[in-house]
$ cat my_file.tsv   # TSV, C-alpha atoms
chain	number	residue	atom	x	y	z
F	11	MET	CA	0.00	0.00	0.00
F	12	ALA	CA	1.03	3.59	-0.62
F	13	ASP	CA	2.81	5.26	2.24
F	14	LYS	CA	0.40	8.02	3.26
F	15	GLU	CA	3.15	10.03	4.95
F	16	ASN	CA	5.35	10.21	1.91
F	17	ASN	CA	3.02	10.08	-1.05
F	18	LYS	CA	3.91	13.27	-2.90
F	19	MET	CA	4.78	13.21	-6.55
F	20	THR	CA	5.86	16.02	-8.85
F	21	ILE	CA	6.25	16.30	-12.61
F	22	ILE	CA	8.03	19.03	-14.54
F	23	ALA	CA	6.29	19.32	-17.92
F	24	THR	CA	8.44	21.09	-20.48
F	25	LYS	CA	7.10	20.03	-23.85
F	26	GLY	CA	4.28	21.64	-25.77
F	27	THR	CA	3.59	19.32	-28.67
F	28	PHE	CA	0.38	17.35	-29.11
F	29	ASP	CA	2.05	13.97	-28.46
F	30	TRP	CA	3.96	15.13	-25.38
F	31	ALA	CA	0.81	16.57	-23.85
F	32	PHE	CA	-0.22	13.06	-22.90
F	33	PRO	CA	2.51	11.69	-20.58
F	34	PRO	CA	2.23	14.34	-17.83
F	35	PHE	CA	-1.57	14.14	-17.68
F	36	ILE	CA	-1.63	10.33	-17.86
F	37	ILE	CA	0.97	9.86	-15.14
F	38	ALA	CA	-0.52	12.59	-12.93
F	39	SER	CA	-4.11	11.36	-13.15
F	40	THR	CA	-3.05	7.76	-12.56
F	41	GLY	CA	-0.86	8.88	-9.66
F	42	VAL	CA	-3.77	10.53	-7.84
F	43	ALA	CA	-5.99	7.57	-8.64
F	44	MET	CA	-3.40	5.52	-6.77
F	45	ASP	CA	-3.50	7.82	-3.74
F	46	LYS	CA	-0.54	10.03	-4.59
F	47	GLU	CA	-0.66	13.77	-4.11
F	48	VAL	CA	0.49	15.17	-7.44
F	49	THR	CA	1.78	18.55	-8.60
F	50	ILE	CA	2.72	19.38	-12.18
F	51	PHE	CA	5.03	22.32	-12.79
F	52	PHE	CA	4.56	23.55	-16.37
F	53	THR	CA	7.46	25.49	-17.77
F	54	PHE	CA	8.66	26.71	-21.16
F	55	TYR	CA	6.73	24.97	-23.98
F	56	GLY	CA	4.84	22.90	-21.43
F	57	LEU	CA	2.76	26.02	-20.68
F	58	ASN	CA	0.84	25.35	-23.86
F	59	LEU	CA	-0.73	22.32	-22.20
F	60	LEU	CA	-2.59	24.65	-19.83
F	61	LEU	CA	-4.22	26.82	-22.46
F	62	LYS	CA	-8.01	26.72	-22.77
F	63	ASP	CA	-7.59	26.26	-26.50
F	64	THR	CA	-5.55	23.10	-27.17
F	65	SER	CA	-6.38	23.05	-30.88
F	66	LYS	CA	-3.03	24.64	-31.71
F	67	LEU	CA	-1.06	21.71	-30.28
F	68	ARG	CA	0.66	19.83	-33.08
F	69	VAL	CA	2.79	16.76	-33.47
F	70	SER	CA	5.64	17.10	-35.94
F	71	PRO	CA	7.42	14.33	-37.84
F	72	ILE	CA	10.35	16.75	-38.34
F	73	GLY	CA	13.26	15.69	-36.16
F	74	ASN	CA	11.08	12.86	-34.84
F	75	PRO	CA	12.53	9.80	-36.57
F	76	SER	CA	11.02	7.26	-34.16
F	77	MET	CA	7.46	8.35	-34.84
F	78	PRO	CA	5.50	5.48	-36.40
F	79	MET	CA	3.26	6.67	-39.20
F	80	LYS	CA	0.49	4.26	-39.93
F	81	MET	CA	-2.91	4.91	-41.45
F	82	PRO	CA	-5.75	4.71	-38.91
F	83	PHE	CA	-8.19	3.61	-41.63
F	84	GLY	CA	-8.26	1.78	-44.94
F	85	PRO	CA	-7.58	-1.89	-45.75
F	86	LYS	CA	-5.61	-3.96	-43.21
F	87	TRP	CA	-2.51	-4.30	-45.43
F	88	LEU	CA	-2.35	-0.53	-45.73
F	89	GLN	CA	-2.73	0.04	-41.99
F	90	LYS	CA	0.28	-2.20	-41.36
F	91	ILE	CA	2.69	-0.08	-43.41
F	92	ASP	CA	4.86	2.29	-41.41
F	93	PHE	CA	5.33	5.31	-43.68
F	94	GLY	CA	7.65	6.99	-41.20
F	95	PRO	CA	10.96	5.70	-42.56
F	96	LYS	CA	9.67	5.75	-46.17
F	97	ILE	CA	8.87	9.43	-46.50
F	98	PRO	CA	11.80	11.86	-46.80
F	99	ASN	CA	11.81	14.24	-43.83
F	100	VAL	CA	12.08	17.23	-46.16
F	101	LEU	CA	8.50	16.64	-47.34
F	102	TRP	CA	7.17	17.44	-43.88
F	103	ASN	CA	8.14	21.05	-44.48
F	104	ILE	CA	5.18	21.38	-46.83
F	105	PRO	CA	2.59	23.76	-45.32
F	106	GLY	CA	-0.23	21.79	-43.73
F	107	ALA	CA	1.85	18.63	-43.20
F	108	GLU	CA	1.85	19.03	-39.41
F	109	SER	CA	-1.90	19.57	-39.35
F	110	LEU	CA	-2.42	16.46	-41.43
F	111	VAL	CA	-0.18	14.31	-39.23
F	112	THR	CA	-1.84	15.69	-36.08
F	113	TRP	CA	-5.26	14.91	-37.50
F	114	LEU	CA	-4.15	11.35	-38.32
F	115	MET	CA	-2.76	10.88	-34.81
F	116	LYS	CA	-6.05	12.10	-33.31
F	117	LYS	CA	-7.93	9.60	-35.50
F	118	THR	CA	-5.60	6.78	-34.42
F	119	MET	CA	-6.03	7.68	-30.75
F	120	ALA	CA	-9.82	7.82	-31.00
F	121	LYS	CA	-9.79	4.41	-32.66
F	122	HIS	CA	-7.77	2.97	-29.76
F	123	GLY	CA	-9.94	4.51	-27.06
F	124	VAL	CA	-7.23	6.89	-25.85
F	125	ALA	CA	-8.62	9.82	-23.88
F	126	LYS	CA	-8.48	13.35	-25.28
F	127	ILE	CA	-6.04	15.83	-23.71
F	128	GLU	CA	-8.92	17.92	-22.31
F	129	GLU	CA	-10.50	14.83	-20.75
F	130	LEU	CA	-7.27	13.77	-19.02
F	131	ARG	CA	-6.60	17.33	-17.94
F	132	SER	CA	-10.04	17.84	-16.43
F	133	MET	CA	-9.78	14.46	-14.69
F	134	CYS	CA	-6.49	15.65	-13.17
F	135	GLN	CA	-8.28	18.74	-11.88
F	136	GLU	CA	-11.21	16.73	-10.62
F	137	PHE	CA	-8.74	14.56	-8.69
F	138	ASP	CA	-7.01	17.70	-7.28
F	139	VAL	CA	-3.75	17.54	-9.17
F	140	LYS	CA	-2.08	20.88	-8.56
F	141	PHE	CA	-1.12	22.78	-11.74
F	142	ILE	CA	1.63	25.38	-11.40
F	143	ALA	CA	2.52	27.55	-14.40
F	144	CYS	CA	6.01	29.01	-14.44
F	145	GLU	CA	5.48	32.74	-14.02
F	146	MET	CA	8.81	33.62	-15.62
F	147	THR	CA	8.08	31.77	-18.88
F	148	VAL	CA	4.52	33.11	-18.97
F	149	GLU	CA	6.06	36.60	-19.11
F	150	LEU	CA	8.99	35.58	-21.31
F	151	PHE	CA	6.78	34.18	-24.05
F	152	GLY	CA	4.09	36.83	-23.65
F	153	PHE	CA	1.29	34.49	-22.67
F	154	ASP	CA	-1.96	36.07	-21.53
F	155	LYS	CA	-3.07	34.60	-18.20
F	156	ALA	CA	-6.67	34.90	-19.36
F	157	ASP	CA	-5.90	32.22	-21.96
F	158	PHE	CA	-5.13	29.65	-19.27
F	159	ILE	CA	-7.68	27.26	-17.82
F	160	ASP	CA	-9.07	28.01	-14.36
F	161	GLY	CA	-7.38	26.60	-11.30
F	162	VAL	CA	-3.79	27.24	-12.39
F	163	GLU	CA	-1.35	28.72	-9.89
F	164	PHE	CA	1.33	31.05	-11.24
F	165	ALA	CA	4.64	30.72	-9.43
F	166	GLY	CA	8.36	30.05	-9.83
F	167	ALA	CA	11.02	27.40	-9.38
F	168	ALA	CA	11.15	27.88	-5.60
F	169	SER	CA	7.49	26.89	-5.39
F	170	TYR	CA	8.33	23.73	-7.31
F	171	PHE	CA	10.93	22.83	-4.69
F	172	ASP	CA	8.44	23.49	-1.94
F	173	GLU	CA	6.17	20.89	-3.58
F	174	ALA	CA	9.04	18.49	-4.21
F	175	ALA	CA	10.49	18.71	-0.70
F	176	THR	CA	8.85	15.45	0.26
F	177	GLY	CA	7.98	12.35	-1.72
F	178	ASP	CA	10.12	10.13	-3.86
F	179	HIS	CA	8.58	10.48	-7.32
F	180	HIS	CA	9.87	13.45	-9.24
F	181	LEU	CA	9.75	13.27	-13.01
F	182	TYR	CA	10.97	15.52	-15.80
F	183	MET	CA	9.01	15.32	-19.03
N	296	MET	CA	-23.16	-10.43	-7.02
N	297	ALA	CA	-21.59	-7.06	-7.56
N	298	ASP	CA	-23.20	-3.95	-6.08
N	299	GLU	CA	-22.04	-1.84	-9.02
N	300	THR	CA	-20.78	-2.54	-12.52
N	301	LEU	CA	-18.46	-0.31	-14.51
N	302	ASP	CA	-18.20	-0.93	-18.24
N	303	ALA	CA	-14.86	0.41	-19.44
N	304	SER	CA	-14.94	-1.51	-22.72
N	305	GLY	CA	-13.11	0.15	-25.60
N	306	LEU	CA	-11.20	2.48	-23.29
N	307	ASN	CA	-7.44	2.49	-23.13
N	308	CYS	CA	-4.85	3.25	-20.44
N	309	PRO	CA	-5.27	5.06	-18.08
N	310	LEU	CA	-9.06	5.45	-18.43
N	311	PRO	CA	-10.09	2.08	-16.94
N	312	ILE	CA	-8.08	2.89	-13.80
N	313	LEU	CA	-9.38	6.46	-13.54
N	314	LYS	CA	-12.98	5.33	-13.99
N	315	THR	CA	-12.48	2.52	-11.47
N	316	LYS	CA	-11.15	5.03	-8.96
N	317	LYS	CA	-14.15	7.32	-9.52
N	318	ALA	CA	-16.62	4.46	-9.23
N	319	LEU	CA	-15.04	3.16	-6.01
N	320	SER	CA	-14.93	6.60	-4.42
N	321	LYS	CA	-18.74	6.80	-4.72
N	322	MET	CA	-19.20	3.44	-2.99
N	323	ASP	CA	-19.24	2.42	0.66
N	324	ALA	CA	-16.56	0.20	2.19
N	325	GLY	CA	-17.24	-3.50	1.75
N	326	LYS	CA	-19.24	-3.02	-1.46
N	327	ILE	CA	-18.31	-4.95	-4.59
N	328	LEU	CA	-17.51	-3.39	-7.96
N	329	ASP	CA	-17.28	-5.30	-11.24
N	330	VAL	CA	-15.11	-3.63	-13.86
N	331	ILE	CA	-15.38	-4.76	-17.48
N	332	SER	CA	-12.42	-3.85	-19.66
N	333	THR	CA	-11.13	-4.75	-23.13
N	334	ASP	CA	-7.69	-3.29	-22.45
N	335	ALA	CA	-5.25	-6.18	-21.97
N	336	GLY	CA	-2.95	-3.85	-20.03
N	337	SER	CA	-5.59	-3.45	-17.36
N	338	VAL	CA	-4.93	-6.99	-16.08
N	339	LYS	CA	-1.61	-5.90	-14.58
N	340	ASP	CA	-2.82	-2.35	-13.94
N	341	ILE	CA	-5.92	-3.21	-11.91
N	342	GLU	CA	-3.76	-5.52	-9.83
N	343	ALA	CA	-1.23	-2.74	-9.26
N	344	PHE	CA	-4.02	-0.26	-8.52
N	345	CYS	CA	-5.50	-2.54	-5.85
N	346	ASN	CA	-2.05	-3.22	-4.46
N	347	GLN	CA	-1.39	0.49	-3.98
N	348	THR	CA	-4.83	1.64	-2.84
N	349	GLY	CA	-5.60	-1.31	-0.56
N	350	ASN	CA	-8.80	-2.23	-2.38
N	351	LYS	CA	-9.23	-5.98	-2.63
N	352	LEU	CA	-9.08	-7.68	-6.02
N	353	ILE	CA	-11.33	-10.68	-5.51
N	354	SER	CA	-11.12	-12.16	-8.99
N	355	THR	CA	-10.08	-11.60	-12.58
N	356	THR	CA	-11.79	-13.48	-15.36
N	357	GLU	CA	-11.37	-13.36	-19.12
N	358	ASP	CA	-14.12	-14.06	-21.55
N	359	GLY	CA	-13.35	-13.64	-25.24
N	360	GLY	CA	-11.17	-10.52	-24.97
N	361	LYS	CA	-13.27	-9.03	-22.17
N	362	TYR	CA	-11.77	-8.89	-18.71
N	363	ILE	CA	-13.94	-8.76	-15.64
N	364	PHE	CA	-12.38	-7.58	-12.39
N	365	THR	CA	-14.25	-7.98	-9.15
N	366	ILE	CA	-13.04	-5.49	-6.56
N	367	GLU	CA	-14.06	-5.00	-2.96
N	368	ARG	CA	-13.98	-1.39	-1.81
N	369	VAL	CA	-11.74	-0.99	1.22

$ encode --input "my_file.tsv" --output "structure tokens"
Amino acid sequence: MADKENNKMTIIATKGTFDWAFPPFIIASTGVAMDKEVTIFFTFYGLNLLLKDTSKLRVSPIGNPSMPMKMPFGPKWLQKIDFGPKIPNVLWNIPGAESLVTWLMKKTMAKHGVAKIEELRSMCQEFDVKFIACEMTVELFGFDKADFIDGVEFAGAASYFDEAATGDHHLYM
Amino acid sequence: MADETLDASGLNCPLPILKTKKALSKMDAGKILDVISTDAGSVKDIEAFCNQTGNKLISTTEDGGKYIFTIERV
């Protein structure tokens, strides 16, 4: 059983792409479901995961050579082909390529019953995961606090350490 | 017989666990919850969930790709 005295967990979420939006919310929501007390500190590009509008989050095949690229629909033989290594990376510079790939990934996820980002995020909030947005990067990148979802705390690195002072699960994503 | 049944069919990690947690939190101690899942990963995960939260996993059965977990709320 979980040690109730030492059950804190923190995550530093630094990435702001569609694909990397999932790990922090999946691990945090599962952590609280398993009786952990979880805080996520969102900094740099990770701040994008806290915006009300997540429609701008994209996954990019550029510089992402391990990304499998399989069709979520069509005949079985077609769905088995991994187009990732077959398509020259330079083609992904075509305008609209990222939107297309993001759309295909969303289709694939829906087909596999993977939760949407908003669903995982609101479950985290329902389970009282604490969201801290890095104040410095909010200012640095010119984010408008009104664009963030409700229930976000704006603070700095020292606040992260205050959260991470106890517990033995501290992850950087 | 279970007091409550949660159908998490078609849902993938971590949704079966999150929905199980929500369902259990609405129940009284000693009550029985049946969770139906099609996610093969949930076999290990439900076990781990019960292990960490203290809820009692009474049985796991498989029936044609459907897993049924019977859990007693602690």

$ closest_residue --input "my_file.tsv" --among "F:Leu110, F:Arg68, F:Gly166, F:Met44" --to "F:Glu149" --atoms "only C-alpha atoms"
F:Gly166

$ closest_atom_pairs --input "my_file.tsv" --of "stretch 34-129 of chain F" --to "stretch 167-171 of chain F" --cutoff "10 Å" --atoms "all atoms listed in the file" --output "Markdown table"
| residue | atom | partner | partner_atom | distance |
| --- | --- | --- | --- | --- |
| F:Thr49 | CA | F:Tyr170 | CA | 8.4 |
| F:Ile50 | CA | F:Tyr170 | CA | 8.6 |
| F:Phe51 | CA | F:Tyr170 | CA | 6.6 |
| F:Phe52 | CA | F:Tyr170 | CA | 9.8 |
| F:Thr53 | CA | F:Ala167 | CA | 9.3 |

$ interface_residues --input "my_file.tsv" --of "chain N" --to "chain F" --cutoff "10 Å" --atoms "all atoms listed in the file" --output "PyMOL selection string"
chain N and resi 303-310+312-317+320+334+343-350

$ closest_residue --input "my_file.tsv" --among "N:Asp329, N:Glu299, N:Asp323, N:Asp340" --to "N:Thr365" --atoms "only C-alpha atoms"
N:Asp329

$ atom_distance --input "my_file.tsv" --atom1 "atom CA of N:Ser332" --atom2 "atom CA of N:Tyr362"
5.2 Å

$ atom_distance --input "my_file.tsv" --atom1 "atom CA of F:Met81" --atom2 "atom CA of F:Leu59"
26.0 Å

$ atom_distance --input "my_file.tsv" --atom1 "atom CA of N:Pro311" --atom2 "atom CA of N:Ala335"
10.8 Å

$ closest_residue --input "my_file.tsv" --among "N:Glu342, N:Phe364, N:Ser337, N:Lys351" --to "N:Ala324" --atoms "all atoms listed in the file"
N:Lys351

$ residues_around --input "my_file.tsv" --residues "stretch 156-160 of chain F" --least-positions-apart "4" --cutoff "9 Å" --atoms "all atoms listed in the file" --output "ChimeraX atom specification"
/F:57-58,60-63

$ residues_around --input "my_file.tsv" --residues "F:Thr112" --least-positions-apart "2" --cutoff "8 Å" --atoms "all atoms listed in the file" --output "list in words"
Phe28, Arg68, Val69, Ser70, Glu108, Ser109, Leu110, Leu114, Met115 and Lys116 of chain F

$ closest_residue --input "my_file.tsv" --among "N:Asp298, N:Asp358, N:Leu352, N:Ala318" --to "N:Lys339" --atoms "only C-alpha atoms"
N:Leu352

$ decode --input "my_file.tsv" --residues "stretch 128-153 of chain F" --atoms "N, CA and C atoms" --output "PDB file, in the first residue's frame"
ATOM      1  N   GLU F 128      -8.008  17.162 -23.194  1.00  0.00           N
ATOM      2  CA  GLU F 128      -8.924  17.918 -22.312  1.00  0.00           C
ATOM      3  C   GLU F 128      -9.547  17.011 -21.265  1.00  0.00           C
ATOM      4  N   GLU F 129      -9.856  15.778 -21.674  1.00  0.00           N
ATOM      5  CA  GLU F 129     -10.495  14.828 -20.754  1.00  0.00           C
ATOM      6  C   GLU F 129      -9.516  14.437 -19.638  1.00  0.00           C
ATOM      7  N   LEU F 130      -8.281  14.138 -20.018  1.00  0.00           N
ATOM      8  CA  LEU F 130      -7.271  13.767 -19.020  1.00  0.00           C
ATOM      9  C   LEU F 130      -6.973  14.947 -18.099  1.00  0.00           C
ATOM     10  N   ARG F 131      -6.915  16.123 -18.705  1.00  0.00           N
ATOM     11  CA  ARG F 131      -6.596  17.326 -17.938  1.00  0.00           C
ATOM     12  C   ARG F 131      -7.699  17.643 -16.936  1.00  0.00           C
ATOM     13  N   SER F 132      -8.960  17.521 -17.379  1.00  0.00           N
ATOM     14  CA  SER F 132     -10.039  17.836 -16.431  1.00  0.00           C
ATOM     15  C   SER F 132     -10.160  16.749 -15.366  1.00  0.00           C
ATOM     16  N   MET F 133      -9.785  15.511 -15.712  1.00  0.00           N
ATOM     17  CA  MET F 133      -9.778  14.464 -14.691  1.00  0.00           C
ATOM     18  C   MET F 133      -8.704  14.755 -13.644  1.00  0.00           C
ATOM     19  N   CYS F 134      -7.549  15.246 -14.104  1.00  0.00           N
ATOM     20  CA  CYS F 134      -6.486  15.646 -13.171  1.00  0.00           C
ATOM     21  C   CYS F 134      -7.034  16.688 -12.203  1.00  0.00           C
ATOM     22  N   GLN F 135      -7.750  17.668 -12.743  1.00  0.00           N
ATOM     23  CA  GLN F 135      -8.276  18.744 -11.884  1.00  0.00           C
ATOM     24  C   GLN F 135      -9.350  18.233 -10.938  1.00  0.00           C
ATOM     25  N   GLU F 136     -10.163  17.323 -11.452  1.00  0.00           N
ATOM     26  CA  GLU F 136     -11.211  16.733 -10.621  1.00  0.00           C
ATOM     27  C   GLU F 136     -10.588  15.964  -9.448  1.00  0.00           C
ATOM     28  N   PHE F 137      -9.450  15.337  -9.710  1.00  0.00           N
ATOM     29  CA  PHE F 137      -8.737  14.562  -8.693  1.00  0.00           C
ATOM     30  C   PHE F 137      -7.780  15.425  -7.864  1.00  0.00           C
ATOM     31  N   ASP F 138      -7.844  16.766  -8.048  1.00  0.00           N
ATOM     32  CA  ASP F 138      -7.011  17.702  -7.283  1.00  0.00           C
ATOM     33  C   ASP F 138      -5.510  17.631  -7.568  1.00  0.00           C
ATOM     34  N   VAL F 139      -5.151  17.371  -8.805  1.00  0.00           N
ATOM     35  CA  VAL F 139      -3.745  17.535  -9.175  1.00  0.00           C
ATOM     36  C   VAL F 139      -3.488  19.037  -9.196  1.00  0.00           C
ATOM     37  N   LYS F 140      -2.377  19.447  -8.587  1.00  0.00           N
ATOM     38  CA  LYS F 140      -2.079  20.880  -8.562  1.00  0.00           C
ATOM     39  C   LYS F 140      -1.303  21.252  -9.834  1.00  0.00           C
ATOM     40  N   PHE F 141      -1.789  22.290 -10.535  1.00  0.00           N
ATOM     41  CA  PHE F 141      -1.123  22.779 -11.744  1.00  0.00           C
ATOM     42  C   PHE F 141      -0.416  24.090 -11.409  1.00  0.00           C
ATOM     43  N   ILE F 142       0.893  24.117 -11.579  1.00  0.00           N
ATOM     44  CA  ILE F 142       1.630  25.376 -11.397  1.00  0.00           C
ATOM     45  C   ILE F 142       2.225  25.785 -12.738  1.00  0.00           C
ATOM     46  N   ALA F 143       1.937  27.018 -13.162  1.00  0.00           N
ATOM     47  CA  ALA F 143       2.517  27.547 -14.398  1.00  0.00           C
ATOM     48  C   ALA F 143       3.690  28.440 -14.036  1.00  0.00           C
ATOM     49  N   CYS F 144       4.798  28.232 -14.720  1.00  0.00           N
ATOM     50  CA  CYS F 144       6.007  29.008 -14.442  1.00  0.00           C
ATOM     51  C   CYS F 144       5.781  30.469 -14.833  1.00  0.00           C
ATOM     52  N   GLU F 145       5.761  31.312 -13.833  1.00  0.00           N
ATOM     53  CA  GLU F 145       5.480  32.741 -14.023  1.00  0.00           C
ATOM     54  C   GLU F 145       6.497  33.386 -14.978  1.00  0.00           C
ATOM     55  N   MET F 146       7.753  33.014 -14.801  1.00  0.00           N
ATOM     56  CA  MET F 146       8.807  33.623 -15.617  1.00  0.00           C
ATOM     57  C   MET F 146       8.583  33.334 -17.101  1.00  0.00           C
ATOM     58  N   THR F 147       8.269  32.076 -17.448  1.00  0.00           N
ATOM     59  CA  THR F 147       8.083  31.766 -18.878  1.00  0.00           C
ATOM     60  C   THR F 147       6.766  32.310 -19.418  1.00  0.00           C
ATOM     61  N   VAL F 148       5.778  32.486 -18.528  1.00  0.00           N
ATOM     62  CA  VAL F 148       4.521  33.114 -18.967  1.00  0.00           C
ATOM     63  C   VAL F 148       4.842  34.523 -19.482  1.00  0.00           C
ATOM     64  N   GLU F 149       5.682  35.231 -18.710  1.00  0.00           N
ATOM     65  CA  GLU F 149       6.060  36.595 -19.109  1.00  0.00           C
ATOM     66  C   GLU F 149       7.002  36.587 -20.300  1.00  0.00           C
ATOM     67  N   LEU F 150       7.990  35.674 -20.249  1.00  0.00           N
ATOM     68  CA  LEU F 150       8.991  35.580 -21.310  1.00  0.00           C
ATOM     69  C   LEU F 150       8.364  35.390 -22.683  1.00  0.00           C
ATOM     70  N   PHE F 151       7.393  34.489 -22.760  1.00  0.00           N
ATOM     71  CA  PHE F 151       6.775  34.181 -24.046  1.00  0.00           C
ATOM     72  C   PHE F 151       5.538  35.032 -24.336  1.00  0.00           C
ATOM     73  N   GLY F 152       5.219  35.938 -23.410  1.00  0.00           N
ATOM     74  CA  GLY F 152       4.094  36.831 -23.647  1.00  0.00           C
ATOM     75  C   GLY F 152       2.739  36.155 -23.632  1.00  0.00           C
ATOM     76  N   PHE F 153       2.606  35.132 -22.804  1.00  0.00           N
ATOM     77  CA  PHE F 153       1.289  34.490 -22.674  1.00  0.00           C
ATOM     78  C   PHE F 153       0.341  35.425 -21.936  1.00  0.00           C
TER      79      PHE F 153
END
